[in-house]
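Worksheet for the structure shown next.
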Amino acid sequence: MDILSGLNPEQTEAVTLPHRSALILAGAGSGKTRVLTSRIAYLIQKRGASPHEILAVTFTNKAAREMMARISAMLPISIRGMWIGTFHGLCNRMLRAHHKDAGLPEAFQILDSSDQLSMIKRVVKSLNIDDEKYPPKELQHFINGNKEEGLRPHDLTAYDTFSRTRQQIFEAYEAQCNREGAVDFAELLLRSYELLKRNELIREHYRTRFRHILIDEFQDTNRLQYQWIKLLAGKDTAVFAVGDDDQSIYAFRGANTGNMLEFERDFQIENVIKLEQNYRSHGNILDAANAVIRHNTARMGKNLWTSDAGGEKLRFYQAPTDMMEAEYIVEEIGSLGREGVALSDIALLYRSNAQSRVLEHALFNANLPYRVYGGLRFFERQEIKHALAYLRLVHSMDDDGAFLRIVNFPARGIGAKTIESLQADAGSASLWTKARGKNKKLDEFVNLVESMKREVSGASLPEAVETVIEMSGLKSHYLNDKDGEDRLENLDELVNAAAVFESEGDPLVEFLSHAALEAGERQSGEGEDAVQLMTVHSAKGLEFHSVFLSGLEEGLFPHSNSRNDAGGLEEERRLMYVAMTRARRRLYLSCAQSRMLHGQTNYNIPSRFLKEIPEQLVQPIGYVEERAPAFEKKSPYRIGANVFHPKFGEGVVLACEGMDQVQVNFRRAGVKWLALEYANLIAI
DNA sequence: TTTCGGCGACTTTTT
DNA sequence: GTCGCCGAAA
């Protein structure tokens, strides 16, 4: 099949661009992933590129897997030479290959966020610092924030005791990481960046190798990730960046849309290709979403359109209480089901996780199957972390994090007192080195770990996992625990995961990295036909026949915490935009006059975002007559109407704001906002 | 050492 | 309303 068949002109242009860097602004539902994968297939098939020359980077493992699957479906050849993965995955790969030059032990281990947090707690304690004054959570944010700016402790200037202390903690934390051979997520990136920066040989090697770098969800990159890309791109490298500034919803964790503008400058992008044709949603849904996002000022400018005009109006329901809102939603789901819509094609979206409970309650009462996304993931479960900690300790005795996690789990009578004295003995050495000969119980533990080590050496990975689960006593512990059933199942699942795990080097080291880098699917039950419940954030990238967007109230959505600064409000609006554009055919908007939150009743007014949706696109249901007007008053002009202005000439109405303002695209004078009171517009 | 009860927090989340 | 953490009692 031809790679280009079925692509629209803009998509084709993007896929077939000559060898130079490019920025693709890809709106929601505009075929972004398709363009990205087609580009790779095109480079290989039509431009004679070798898979070896291609590096493609994504944000999630899921996206990376999807990309690989799609490319291998398009190409008859093996894609093994390609580097496709997340930023962290690719940095890990690079650091494993050059661990010596990066100053890391061969089998360095990766700390996930919770490992990192406990490491910070340990460091704070060892420095005798008050964790009330310096909360570990904040320190974690501080450390990661600095690393993401490319800053090490010695790069910081401290003017007062507070910042000096934080700097000291940062320093001690790094020292402890180095002692244990541990690397946190931000460190993976920063190390890799510094490696490329300092080592010319390695840098030039990758620069000549990767002639094509492709980046997905470019709007979500942080500063360090962008700098990493910049370092990696040689003079003959073409960087193909795909993103949508309107869908940037992760600024709160460091994503920097400014990278898009910088990219245009740094890589001398001549023309930005915009993919504006939406293949997902009906016209009314798209018009409404466009009307909302237009209220943002910091935009690169893009207007989605569809040939699939019209469709059903959006439905709006204002309920007296959150319970009644949920009941309304459940009723509607029932009738959608009877119309033949699959339950799994229906999504209930909300701004914050706390809102799911009332919805779950209503769904449960109505006996409708549902699936909630979010929550604990496989490799984050305590029983899994415990088992992995045994593996870690067996593999590397200096791993204090692993030692502390399991020294008394299952309980073997080694308490805080013993540990404290052990830590005092150890100083800057690892706990393991001082554990023997301290007391009887610790000796037993040391012997246990050593006999595990003997058993495990030479065993296959799944055998090792199984041995550790048995010998540690985890298995019998959970057998005796009345709620241990699920945990035992998960431990079995861990053995399975180890059995199917493929590795190229040391299987244990790679398996442990895998566990840290890929927290695993959230839960099973993928295939069942169930209503999908999730936050708007986790819905990004997905689409559904029908979407219910609930809790559209001031203080909730937009969230009260983002009300203060303008940037926060614009991010909330982008979130609203993302939420609305998830719907293909039907979009329900709802809010409640009163809502139970944090154990007390709140009375909220409808979200300001509702007012930004043109009234004629919305079908109100039920109570709405009594409410204060939530929607924009009908403008005398319709979007798309032709108008004439005495000075600017002919134009087309792009948007209306209330009764008195319109945005017009004039054929000669360009796009302008006009006050109807003064403008003397004439409809033609 | 373990367990239980009280108190405070509480937006969004991937690696 | 619920979860997680911390301190006091068993």
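By order in the structure tokens, chains are A, B, ...; within a chain, residues start at 1; ligands start at 1, following the order shown.
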
Quiz item: Using the chain letters and numbers from this document, which residues of segment 207-309 of chain A does DSSP assign to strand (DSSP E), as a ChimeraX atom specification?
Solution: /A:212-215,238-243,273-275

Exercise. Would you kindly return, as a ChimeraX atom specification, each protein, DNA or RNA residue with an atom no farther than 12 Å from any atom of DT13 of chain B, considering only C-alpha atoms (C1' of nucleotides) and excluding same-chain residues fewer than 4 positions away?
Key: /A:59-60,113,249-255,352-353,374-375,535-540

Quiz item: Near chain C, which residues of chain A fall within 8 Å when you count only C-alpha atoms (C1' of nucleotides), and what do they look like as a list in words?
Solution: Leu597, His598 and Gly599 of chain A

Output C-alpha atoms for every residue in that selection, as a PDB file, in the first residue's frame.
ATOM      1  CA  LEU A 597     -16.474  18.230  48.294  1.00  0.00           C
ATOM      2  CA  HIS A 598     -14.024  17.361  51.056  1.00  0.00           C
ATOM      3  CA  GLY A 599     -16.937  16.519  53.275  1.00  0.00           C
TER       4      GLY A 599
END

Self-check item: Expected answer as a PyMOL selection string: chain B residues within 8 Å of chain A, only C-alpha atoms (C1' of nucleotides)
Solution: chain B and resi 1+10-15

Atoms kept (N, CA and C atoms (P, O5', C5', C4', C3', O3' and C1' of nucleotides)) for selection, written as a PDB file, in the first residue's frame:
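In the end it all went to result-v6.pdb:
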ATOM      1  P    DT B   1      12.260  -2.976  67.310  1.00  0.00           P
ATOM      2  O5'  DT B   1      10.843  -3.591  67.701  1.00  0.00           O
ATOM      3  C5'  DT B   1      10.710  -5.008  67.734  1.00  0.00           C
ATOM      4  C4'  DT B   1       9.265  -5.318  67.467  1.00  0.00           C
ATOM      5  C3'  DT B   1       8.705  -4.755  66.160  1.00  0.00           C
ATOM      6  O3'  DT B   1       7.872  -5.738  65.566  1.00  0.00           O
ATOM      7  C1'  DT B   1       7.431  -3.925  67.957  1.00  0.00           C
ATOM      8  P    DC B  10      -2.384  19.329  50.432  1.00  0.00           P
ATOM      9  O5'  DC B  10      -2.613  18.342  49.212  1.00  0.00           O
ATOM     10  C5'  DC B  10      -3.336  17.127  49.302  1.00  0.00           C
ATOM     11  C4'  DC B  10      -4.669  17.185  48.558  1.00  0.00           C
ATOM     12  C3'  DC B  10      -5.082  18.577  48.064  1.00  0.00           C
ATOM     13  O3'  DC B  10      -5.451  18.558  46.698  1.00  0.00           O
ATOM     14  C1'  DC B  10      -6.853  17.596  49.259  1.00  0.00           C
ATOM     15  P    DT B  11      -5.576  20.031  46.035  1.00  0.00           P
ATOM     16  O5'  DT B  11      -5.532  19.552  44.531  1.00  0.00           O
ATOM     17  C5'  DT B  11      -6.592  19.978  43.789  1.00  0.00           C
ATOM     18  C4'  DT B  11      -6.910  19.042  42.664  1.00  0.00           C
ATOM     19  C3'  DT B  11      -6.008  17.850  42.458  1.00  0.00           C
ATOM     20  O3'  DT B  11      -6.740  16.859  41.735  1.00  0.00           O
ATOM     21  C1'  DT B  11      -5.515  19.549  40.900  1.00  0.00           C
ATOM     22  P    DT B  12      -6.180  15.424  41.404  1.00  0.00           P
ATOM     23  O5'  DT B  12      -5.540  15.662  39.977  1.00  0.00           O
ATOM     24  C5'  DT B  12      -6.395  15.810  38.867  1.00  0.00           C
ATOM     25  C4'  DT B  12      -5.591  16.206  37.666  1.00  0.00           C
ATOM     26  C3'  DT B  12      -4.332  15.357  37.460  1.00  0.00           C
ATOM     27  O3'  DT B  12      -4.632  14.356  36.519  1.00  0.00           O
ATOM     28  C1'  DT B  12      -3.918  17.691  37.130  1.00  0.00           C
ATOM     29  P    DT B  13      -4.260  12.860  36.910  1.00  0.00           P
ATOM     30  O5'  DT B  13      -2.911  12.591  36.152  1.00  0.00           O
ATOM     31  C5'  DT B  13      -2.539  13.295  34.992  1.00  0.00           C
ATOM     32  C4'  DT B  13      -1.106  12.913  34.688  1.00  0.00           C
ATOM     33  C3'  DT B  13      -0.735  11.526  35.199  1.00  0.00           C
ATOM     34  O3'  DT B  13       0.003  10.854  34.207  1.00  0.00           O
ATOM     35  C1'  DT B  13       0.712  13.145  36.148  1.00  0.00           C
ATOM     36  P    DT B  14      -0.052   9.289  34.200  1.00  0.00           P
ATOM     37  O5'  DT B  14       1.098   8.983  33.161  1.00  0.00           O
ATOM     38  C5'  DT B  14       1.317   9.878  32.082  1.00  0.00           C
ATOM     39  C4'  DT B  14       2.801   9.972  31.876  1.00  0.00           C
ATOM     40  C3'  DT B  14       3.523   8.686  32.257  1.00  0.00           C
ATOM     41  O3'  DT B  14       4.102   8.135  31.091  1.00  0.00           O
ATOM     42  C1'  DT B  14       4.610  10.593  33.179  1.00  0.00           C
ATOM     43  P    DT B  15       4.787   6.736  31.258  1.00  0.00           P
ATOM     44  O5'  DT B  15       6.302   7.074  31.615  1.00  0.00           O
ATOM     45  C5'  DT B  15       7.018   7.956  30.742  1.00  0.00           C
ATOM     46  C4'  DT B  15       8.333   8.310  31.384  1.00  0.00           C
ATOM     47  C3'  DT B  15       9.087   7.132  31.980  1.00  0.00           C
ATOM     48  O3'  DT B  15      10.345   7.012  31.348  1.00  0.00           O
ATOM     49  C1'  DT B  15       9.018   8.938  33.505  1.00  0.00           C
TER      50       DT B  15
END

Quiz prompt | Two-atom distance - atom CA of Ile621 of chain A, atom CA of Thr306 of chain A (Å) | solution = 26.4 Å

Quiz item: So how many Å separate atom CA of Phe210 of chain A and atom CA of Ala56 of chain A, to one decimal?
Solution: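 So the answer is 9.8 Å.
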
Practice problem: Would you list, as an NGL selection string, the residues of segment 434-613 of chain A that end up in helix (DSSP H, G or I) under DSSP run on this structure's backbone? | Solution: :A and (434-435 or 440-456 or 461-471 or 474-480 or 485-500 or 507-517 or 536-539 or 560-562 or 566-580 or 608-611)

Quiz item: Rounded to one decimal in Å, what is the spacing between atom CA of Ala298 of chain A and atom CA of Ala241 of chain A?
Solution: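 According to the coordinates, atom CA of Ala298 of chain A and atom CA of Ala241 of chain A are separated by 19.6 Å.
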
Which neighbours of Ile3 of chain A fall inside 9 Å, counting only C-alpha atoms (C1' of nucleotides), when residues of the same chain fewer than 4 positions from it are skipped, and could you give them as a short mmCIF file (atom, residue, chain, number, x, y, z; two decimals) with all heavy atoms, in the first residue's frame?
data_model
loop_
_atom_site.label_atom_id
_atom_site.label_comp_id
_atom_site.auth_asym_id
_atom_site.auth_seq_id
_atom_site.Cartn_x
_atom_site.Cartn_y
_atom_site.Cartn_z
N LEU A 7 -3.88 10.63 2.44
CA LEU A 7 -3.46 11.80 3.21
C LEU A 7 -3.98 13.07 2.53
O LEU A 7 -4.04 13.15 1.31
CB LEU A 7 -1.93 11.86 3.29
CG LEU A 7 -1.22 10.74 4.03
CD1 LEU A 7 0.29 10.94 3.97
CD2 LEU A 7 -1.67 10.67 5.48
N SER A 38 3.88 7.87 9.16
CA SER A 38 4.04 7.87 7.71
C SER A 38 5.36 8.51 7.30
O SER A 38 6.01 8.10 6.35
CB SER A 38 2.89 8.63 7.02
OG SER A 38 1.66 8.08 7.38
N ARG A 39 5.73 9.55 8.04
CA ARG A 39 7.00 10.23 7.74
C ARG A 39 8.16 9.24 7.88
O ARG A 39 9.05 9.19 7.02
CB ARG A 39 7.18 11.41 8.70
CG ARG A 39 8.55 12.08 8.65
CD ARG A 39 8.75 12.89 7.39
NE ARG A 39 10.05 13.59 7.38
CZ ARG A 39 10.52 14.25 6.33
NH1 ARG A 39 9.82 14.30 5.21
NH2 ARG A 39 11.68 14.86 6.39
N ALA A 41 8.06 5.96 7.72
CA ALA A 41 7.96 4.96 6.65
C ALA A 41 8.43 5.55 5.32
O ALA A 41 9.16 4.92 4.55
CB ALA A 41 6.52 4.46 6.53
N TYR A 42 8.04 6.80 5.11
CA TYR A 42 8.42 7.48 3.87
C TYR A 42 9.94 7.66 3.78
O TYR A 42 10.54 7.42 2.73
CB TYR A 42 7.71 8.83 3.82
CG TYR A 42 8.14 9.73 2.69
CD1 TYR A 42 7.58 9.61 1.41
CD2 TYR A 42 9.11 10.72 2.89
CE1 TYR A 42 7.98 10.44 0.37
CE2 TYR A 42 9.52 11.55 1.86
CZ TYR A 42 8.94 11.40 0.60
OH TYR A 42 9.34 12.22 -0.41
N GLN A 45 11.35 4.20 2.99
CA GLN A 45 10.98 3.58 1.72
C GLN A 45 11.30 4.45 0.51
O GLN A 45 11.75 3.95 -0.51
CB GLN A 45 9.49 3.25 1.73
CG GLN A 45 9.20 1.97 1.00
CD GLN A 45 7.88 1.38 1.46
OE1 GLN A 45 6.83 2.02 1.32
NE2 GLN A 45 7.92 0.18 1.98
N MET A 74 3.57 -0.85 8.58
CA MET A 74 3.69 -0.15 7.29
C MET A 74 4.90 -0.62 6.49
O MET A 74 4.93 -0.44 5.28
CB MET A 74 3.84 1.36 7.52
CG MET A 74 2.57 2.02 7.99
SD MET A 74 2.89 3.72 8.51
CE MET A 74 2.35 4.60 7.06
#

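Every protein, DNA or RNA residue with an atom at most 7 Å from Ala326 of chain A, where only C-alpha atoms (C1' of nucleotides) count and chain neighbours fewer than 5 positions away do not, is listed here: Val358, Leu359 and Ala362 of chain A.
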